[in-house]
Structures are given as C-alpha cells and as structure tokens.
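**Q** Mind having a look at this structure? Questions to follow.
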Amino acid sequence: MSPVTDPVKREVAETVERLADEGSRGGGAGKVKPVDAGVFERRPAMSRIGLAGAALLVVGCAGMTAPADNTAWAELRRADGEVVGTATFTQIGSALRVLLEVQGLPPGAKGVHVHAVGTCEGPAFTSAGAHFNPDGRQHGALNHPLGPHAGDLPNITLGADGRGRLESTTELMSLGSGPSSVFDADGSAIIVHAAPDDFRTDPTGNSGARIACGVIVRR
C-alpha cells in the first residue's frame with residue numbers, strides 16, 4: 001500500500017499512535033500499531049483513546065445546540081407578584097415552539113395568548129395590550145377564514161393541584177425579524193386567562209380576566 005499522503009489522515013494516525021504509546025507507558029493500556037497506510041491493528045484496553053474519542057463526541061454535540069438568538073422565555077406572575085410559571089420559545093426553521101408550564105393557578109382550562117406589548121403591570125395586566133395580531137385578523141382558529149390572531153394559542157388545562165403544561169407550534173409568530181416577530185418595537189407578553197378560549201368569539205374568545213402575565217425576553 002502507498003504511504004499516507006492526506007495531511008488530515010496523517011495527523012489522525014500520528015495522534016492515535018501517540019495516545020496509544022502514552023497509554024502503554026501509563027501501565028496496562030494497549031497500543032494501536034500502524035500496519036499500513038491508514039490501517040491500524042487494534043490491541044485491547046485503549047482507555048486514553050476512548051476518552052479522547054468521547055471528548056471529541058461531546059465537542060461535536062455541543063456545536064449542534066441552537067444559537068442563543070433562537071430561544072426566548074418569559075416568567076409569568078400573578079397580580080400579587082408571585083411567580084406561577086415559565087414559557088420557553090424556540091425557533092425551529094419557520095416554526096416557533098412554545099412550551100408553557102404553570103402552577104399556583106385555579107384548576108380548569110385557561111386561554112393562553114401572546115399579547116402585543118411587552119409589559120405586565122398588575123393587577124389587570126391591561127398594559128400588555130390586545131392579542132399579538134400583526135396581520136389585522138379576527139380572533140380564533142374556528143373563526144375561519146377571518147381568524148386567527150397570530151398570538152392565539154391552545155388552552156392550557158390545570159389539574160386540581162393548579163399545575164399544567166402546554167406545548168404548541170406555530171408559524172404565525174417568530175423570534176426573528178419582520179412583522180411576525182414578537183420582538184418588535186414594544187415587545188410582547190404571554191398571558192394566561194381565567195376562562196377557556198372558545199377559539200371563535202372576537203376579539204378574545206371569551207377567555208375572561210388576565211390572571212398571569214410574563215414579558216417575553218431573549219435568553
């Protein structure tokens with residue numbers, strides 16, 4: 001066979017042999033012996049090489065994590081200032097994944113919406129404005145073809161312990177730029193309402209009072 005001419009392969013070969021030699025000097029570790037160009041004979045117990053490979057795998061996986069500007073979150077509080085939940089927003093291509101987890105609220109189904117202004121002044125949270133609605137549509141997915149608002153989300157159902165979890169995906173909002181971005185000039189907020197959304201009645205789906213609010217910010 002011809003000698004190794006590719007510089008990357010040559011560097012890999014040299015690194016593997018060096019680690020194997022160091023392992024054998026450390027007592028008990030095996031050695032990888034070059035047999036011919038780019039071919040290696042494996043001998044048992046190459047613990048140092050295994051660790052090196054694991055480290056490379058960890059580094060590679062770390063490089064696959066989502067960029068920081070692709071995630072956002074909100075901390076939701078009741079009118080009394082008590083923290084009752086968090087919402088996490090993750091941009092995945094053209095879709096925005098929303099994960100809401102709450103506790104400490106009355107049981108039952110509750111409407112959830114992203115609102116057009118990024119402020120949460122209690123006790124009524126009216127400072128958050130109307131639903132996020134850059135396209136000027138009516139409320140409700142069942143109000144087709146006039147709806148929905150971009151900020152309309154499914155209801156969250158809370159158990160007897162006041163806890164609940166909602167996971168949803170939408171392409172009507174984004175963390176990027178343009179009219180669908182929740183990071184426009186005045187920001188946005190996510191609100192949990194006292195009653196379930198009927199997904200039809202304009203402008204709020206008869207979802208009642210605003211009982212928890214969180215300003216959406218970049219992580």
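Just remember, in the structure tokens the first chain shown is A, the second B, etc., residues are 1-based per chain, and ligands are 1-based in the order shown.
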Excluding same-chain residues fewer than 2 positions from A:Gly85, what lies within 7 Å of it counting only C-alpha atoms, as a PDB file with N, CA and C atoms, in the first residue's frame?

**A**
ATOM      1  N   GLU A  75     -41.161  34.736  32.333  1.00  0.00           N
ATOM      2  CA  GLU A  75     -41.524  34.309  33.690  1.00  0.00           C
ATOM      3  C   GLU A  75     -42.878  34.906  34.021  1.00  0.00           C
ATOM      4  N   LEU A  76     -43.868  34.063  34.246  1.00  0.00           N
ATOM      5  CA  LEU A  76     -45.230  34.541  34.470  1.00  0.00           C
ATOM      6  C   LEU A  76     -45.492  34.763  35.953  1.00  0.00           C
ATOM      7  N   VAL A  83     -44.508  34.292  41.337  1.00  0.00           N
ATOM      8  CA  VAL A  83     -44.149  33.584  40.104  1.00  0.00           C
ATOM      9  C   VAL A  83     -44.967  32.300  40.013  1.00  0.00           C
ATOM     10  N   ALA A  87     -42.507  30.275  30.351  1.00  0.00           N
ATOM     11  CA  ALA A  87     -42.771  29.920  28.955  1.00  0.00           C
ATOM     12  C   ALA A  87     -41.442  29.961  28.212  1.00  0.00           C
ATOM     13  N   GLU A 101     -45.358  26.107  31.223  1.00  0.00           N
ATOM     14  CA  GLU A 101     -45.562  25.307  32.430  1.00  0.00           C
ATOM     15  C   GLU A 101     -45.954  26.242  33.559  1.00  0.00           C
ATOM     16  N   VAL A 102     -47.096  25.959  34.198  1.00  0.00           N
ATOM     17  CA  VAL A 102     -47.588  26.848  35.252  1.00  0.00           C
ATOM     18  C   VAL A 102     -47.989  26.038  36.483  1.00  0.00           C
ATOM     19  N   GLN A 103     -48.063  26.760  37.587  1.00  0.00           N
ATOM     20  CA  GLN A 103     -48.524  26.194  38.852  1.00  0.00           C
ATOM     21  C   GLN A 103     -49.118  27.333  39.676  1.00  0.00           C
TER      22      GLN A 103
END

**Q** With a distance cut-off of 7 Å and only C-alpha atoms, select the neighbouring residues of A:Val98, excluding the residue or stretch itself and same-chain residues fewer than 5 positions from it, and output the selection as a PyMOL selection string.

**A** chain A and resi 87-90+167-169

**Q** Go ahead and save the residues from that selection, with N, CA and C atoms, as a JSON list (two decimals), in the first residue's frame.

**A**
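Wrote it out as part_25.json, contents follow:
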[["chain", "number", "residue", "atom", "x", "y", "z"],
["A", 87, "ALA", "N", -42.51, 30.27, 30.35],
["A", 87, "ALA", "CA", -42.77, 29.92, 28.95],
["A", 87, "ALA", "C", -41.44, 29.96, 28.21],
["A", 88, "THR", "N", -41.19, 28.94, 27.41],
["A", 88, "THR", "CA", -39.98, 28.88, 26.60],
["A", 88, "THR", "C", -40.36, 28.88, 25.13],
["A", 89, "PHE", "N", -39.66, 29.70, 24.35],
["A", 89, "PHE", "CA", -39.92, 29.83, 22.92],
["A", 89, "PHE", "C", -38.66, 29.41, 22.16],
["A", 90, "THR", "N", -38.81, 28.50, 21.21],
["A", 90, "THR", "CA", -37.67, 28.02, 20.44],
["A", 90, "THR", "C", -38.00, 28.09, 18.95],
["A", 167, "GLU", "N", -47.77, 22.55, 25.24],
["A", 167, "GLU", "CA", -46.74, 22.59, 24.19],
["A", 167, "GLU", "C", -47.43, 22.76, 22.86],
["A", 168, "SER", "N", -46.99, 23.76, 22.09],
["A", 168, "SER", "CA", -47.64, 24.08, 20.83],
["A", 168, "SER", "C", -46.61, 24.60, 19.84],
["A", 169, "THR", "N", -46.93, 24.52, 18.56],
["A", 169, "THR", "CA", -46.06, 25.04, 17.50],
["A", 169, "THR", "C", -46.88, 25.91, 16.57]]

**Q** May I have a table of the residues of stretch 168-191 of chain A lying at most 8 Å from stretch 138-153 of chain A, giving each one's closest pair of atoms and their distance in Å to one decimal, counting only C-alpha atoms, ordered by chain and ascending residue number, as a tab-separated table?

**A**
residue	atom	partner	partner_atom	distance
A:Ser168	CA	A:Leu153	CA	7.4
A:Leu172	CA	A:Ala150	CA	4.9
A:Met173	CA	A:Ala150	CA	6.1
A:Ser180	CA	A:Ala150	CA	7.8

**Q** Determine, counting only C-alpha atoms, which protein, DNA and RNA residues have an atom within 8 Å of an atom of A:Gly162; residues of the same chain fewer than 2 positions away are not included. Present the result as a list of chain:residue names.

**A**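 The residues that qualify are A:Val102, A:Gln103, A:Gly104, A:Leu105, A:Pro106, A:Pro107, A:Leu158, A:Gly159, A:Ala160, A:Gly164.
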
**Q** Leaving out A:Pro179 and any residue of its chain fewer than 6 positions from it, which residues lie within 12 Å of it when counting only C-alpha atoms, given as a list in words?

**A**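 Near A:Pro179, the qualifying residues are Ala116, Phe132, Asn133, Pro134, Asp135, Gly136, Ala150, Leu172, Met173, Ala185 and Gly187 of chain A.
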
**Q** May I have the residues within 10 Å of A:Gln91 as a PyMOL selection string, using only C-alpha atoms and disregarding those fewer than 3 positions away in the same chain?

**A** chain A and resi 66-67+69-72+94-98+169-171+173-176

**Q** Emit the selected residues as a JSON list (two decimals), in the first residue's frame, including N, CA and C atoms.

**A**
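Result file follows (selection-v4.json):
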[["chain", "number", "residue", "atom", "x", "y", "z"],
["A", 66, "ALA", "N", -28.82, 24.89, 19.64],
["A", 66, "ALA", "CA", -29.44, 26.01, 18.97],
["A", 66, "ALA", "C", -28.75, 27.32, 19.34],
["A", 67, "PRO", "N", -28.57, 28.24, 18.38],
["A", 67, "PRO", "CA", -27.98, 29.54, 18.70],
["A", 67, "PRO", "C", -28.81, 30.27, 19.75],
["A", 69, "ASP", "N", -29.84, 33.27, 19.90],
["A", 69, "ASP", "CA", -30.92, 34.14, 19.41],
["A", 69, "ASP", "C", -32.11, 33.35, 18.88],
["A", 70, "ASN", "N", -32.07, 32.04, 18.98],
["A", 70, "ASN", "CA", -33.20, 31.21, 18.56],
["A", 70, "ASN", "C", -34.08, 30.80, 19.72],
["A", 71, "THR", "N", -33.80, 31.30, 20.91],
["A", 71, "THR", "CA", -34.61, 30.95, 22.08],
["A", 71, "THR", "C", -34.99, 32.20, 22.86],
["A", 72, "ALA", "N", -36.13, 32.13, 23.50],
["A", 72, "ALA", "CA", -36.62, 33.21, 24.36],
["A", 72, "ALA", "C", -37.43, 32.60, 25.48],
["A", 94, "SER", "N", -39.02, 27.66, 10.23],
["A", 94, "SER", "CA", -40.09, 28.65, 10.16],
["A", 94, "SER", "C", -41.09, 28.51, 11.30],
["A", 95, "ALA", "N", -40.93, 27.50, 12.13],
["A", 95, "ALA", "CA", -41.89, 27.23, 13.21],
["A", 95, "ALA", "C", -41.35, 27.72, 14.54],
["A", 96, "LEU", "N", -42.27, 28.17, 15.39],
["A", 96, "LEU", "CA", -41.94, 28.60, 16.74],
["A", 96, "LEU", "C", -42.58, 27.63, 17.73],
["A", 97, "ARG", "N", -41.75, 26.96, 18.52],
["A", 97, "ARG", "CA", -42.25, 26.02, 19.54],
["A", 97, "ARG", "C", -42.45, 26.78, 20.83],
["A", 98, "VAL", "N", -43.62, 26.62, 21.42],
["A", 98, "VAL", "CA", -43.96, 27.28, 22.68],
["A", 98, "VAL", "C", -44.20, 26.21, 23.75],
["A", 169, "THR", "N", -46.93, 24.52, 18.56],
["A", 169, "THR", "CA", -46.06, 25.04, 17.50],
["A", 169, "THR", "C", -46.88, 25.91, 16.57],
["A", 170, "THR", "N", -46.30, 27.05, 16.18],
["A", 170, "THR", "CA", -47.00, 27.97, 15.29],
["A", 170, "THR", "C", -46.01, 28.57, 14.30],
["A", 171, "GLU", "N", -46.52, 28.90, 13.12],
["A", 171, "GLU", "CA", -45.72, 29.61, 12.13],
["A", 171, "GLU", "C", -46.20, 31.05, 11.97],
["A", 173, "MET", "N", -45.91, 33.34, 14.43],
["A", 173, "MET", "CA", -45.02, 34.20, 15.22],
["A", 173, "MET", "C", -43.60, 33.71, 15.02],
["A", 174, "SER", "N", -42.63, 34.59, 15.32],
["A", 174, "SER", "CA", -41.24, 34.20, 15.20],
["A", 174, "SER", "C", -40.39, 35.00, 16.17],
["A", 175, "LEU", "N", -39.13, 34.53, 16.35],
["A", 175, "LEU", "CA", -38.16, 35.27, 17.16],
["A", 175, "LEU", "C", -37.21, 36.07, 16.28],
["A", 176, "GLY", "N", -37.45, 36.04, 14.98],
["A", 176, "GLY", "CA", -36.56, 36.73, 14.05],
["A", 176, "GLY", "C", -36.98, 38.18, 13.81]]

**Q** Which residues in stretch 37-207 of chain A does DSSP call alpha helix (DSSP H)? List them as a list in words.

**A**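 Taking stretch 37-207 of chain A and keeping alpha helix (DSSP H) only, one gets Ser47, Arg48, Ile49, Gly50, Leu51, Ala52, Gly53, Ala54, Ala55, Leu56, Leu57, Val58, Val59, Gly60, Cys61 and Ala62 of chain A.
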
**Q** Restricting it to N, CA and C atoms, dump the selection as a JSON list (two decimals), in the first residue's frame.

**A**
[["chain", "number", "residue", "atom", "x", "y", "z"],
["A", 47, "SER", "N", -7.81, 2.85, 26.82],
["A", 47, "SER", "CA", -8.68, 3.73, 27.59],
["A", 47, "SER", "C", -8.47, 5.19, 27.25],
["A", 48, "ARG", "N", -7.21, 5.60, 27.01],
["A", 48, "ARG", "CA", -6.95, 7.01, 26.73],
["A", 48, "ARG", "C", -7.55, 7.40, 25.39],
["A", 49, "ILE", "N", -7.47, 6.50, 24.41],
["A", 49, "ILE", "CA", -8.06, 6.80, 23.10],
["A", 49, "ILE", "C", -9.57, 6.86, 23.22],
["A", 50, "GLY", "N", -10.14, 5.98, 24.05],
["A", 50, "GLY", "CA", -11.58, 6.02, 24.26],
["A", 50, "GLY", "C", -12.02, 7.34, 24.85],
["A", 51, "LEU", "N", -11.27, 7.84, 25.82],
["A", 51, "LEU", "CA", -11.59, 9.12, 26.43],
["A", 51, "LEU", "C", -11.45, 10.25, 25.42],
["A", 52, "ALA", "N", -10.40, 10.18, 24.58],
["A", 52, "ALA", "CA", -10.23, 11.22, 23.57],
["A", 52, "ALA", "C", -11.39, 11.23, 22.60],
["A", 53, "GLY", "N", -11.84, 10.03, 22.20],
["A", 53, "GLY", "CA", -12.98, 9.95, 21.29],
["A", 53, "GLY", "C", -14.24, 10.49, 21.92],
["A", 54, "ALA", "N", -14.46, 10.18, 23.21],
["A", 54, "ALA", "CA", -15.64, 10.70, 23.91],
["A", 54, "ALA", "C", -15.61, 12.20, 23.98],
["A", 55, "ALA", "N", -14.41, 12.75, 24.21],
["A", 55, "ALA", "CA", -14.29, 14.21, 24.29],
["A", 55, "ALA", "C", -14.64, 14.85, 22.96],
["A", 56, "LEU", "N", -14.14, 14.24, 21.86],
["A", 56, "LEU", "CA", -14.47, 14.78, 20.54],
["A", 56, "LEU", "C", -15.97, 14.72, 20.27],
["A", 57, "LEU", "N", -16.62, 13.63, 20.73],
["A", 57, "LEU", "CA", -18.07, 13.49, 20.54],
["A", 57, "LEU", "C", -18.82, 14.57, 21.29],
["A", 58, "VAL", "N", -18.40, 14.86, 22.53],
["A", 58, "VAL", "CA", -19.05, 15.90, 23.32],
["A", 58, "VAL", "C", -18.90, 17.25, 22.64],
["A", 59, "VAL", "N", -17.70, 17.55, 22.14],
["A", 59, "VAL", "CA", -17.47, 18.83, 21.46],
["A", 59, "VAL", "C", -18.34, 18.93, 20.23],
["A", 60, "GLY", "N", -18.44, 17.82, 19.48],
["A", 60, "GLY", "CA", -19.27, 17.83, 18.28],
["A", 60, "GLY", "C", -20.72, 18.07, 18.59],
["A", 61, "CYS", "N", -21.24, 17.42, 19.65],
["A", 61, "CYS", "CA", -22.64, 17.61, 20.03],
["A", 61, "CYS", "C", -22.90, 19.03, 20.52],
["A", 62, "ALA", "N", -21.93, 19.60, 21.23],
["A", 62, "ALA", "CA", -22.10, 20.97, 21.73],
["A", 62, "ALA", "C", -22.25, 21.93, 20.59]]

**Q** Quick one, how far is atom CA of A:Ala109 from atom CA of A:Ala194?

**A**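 Result for atom CA of A:Ala109 versus atom CA of A:Ala194: 8.3 Å, one decimal.
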
**Q** Under the rule that only C-alpha atoms are counted, which of A:Ser177, A:Asn155, A:Ser127, A:Ser188 is the nearest residue to A:Ala74?

**A**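 Looking only at the distances to A:Ala74, the closest residue turns out to be A:Ser188.
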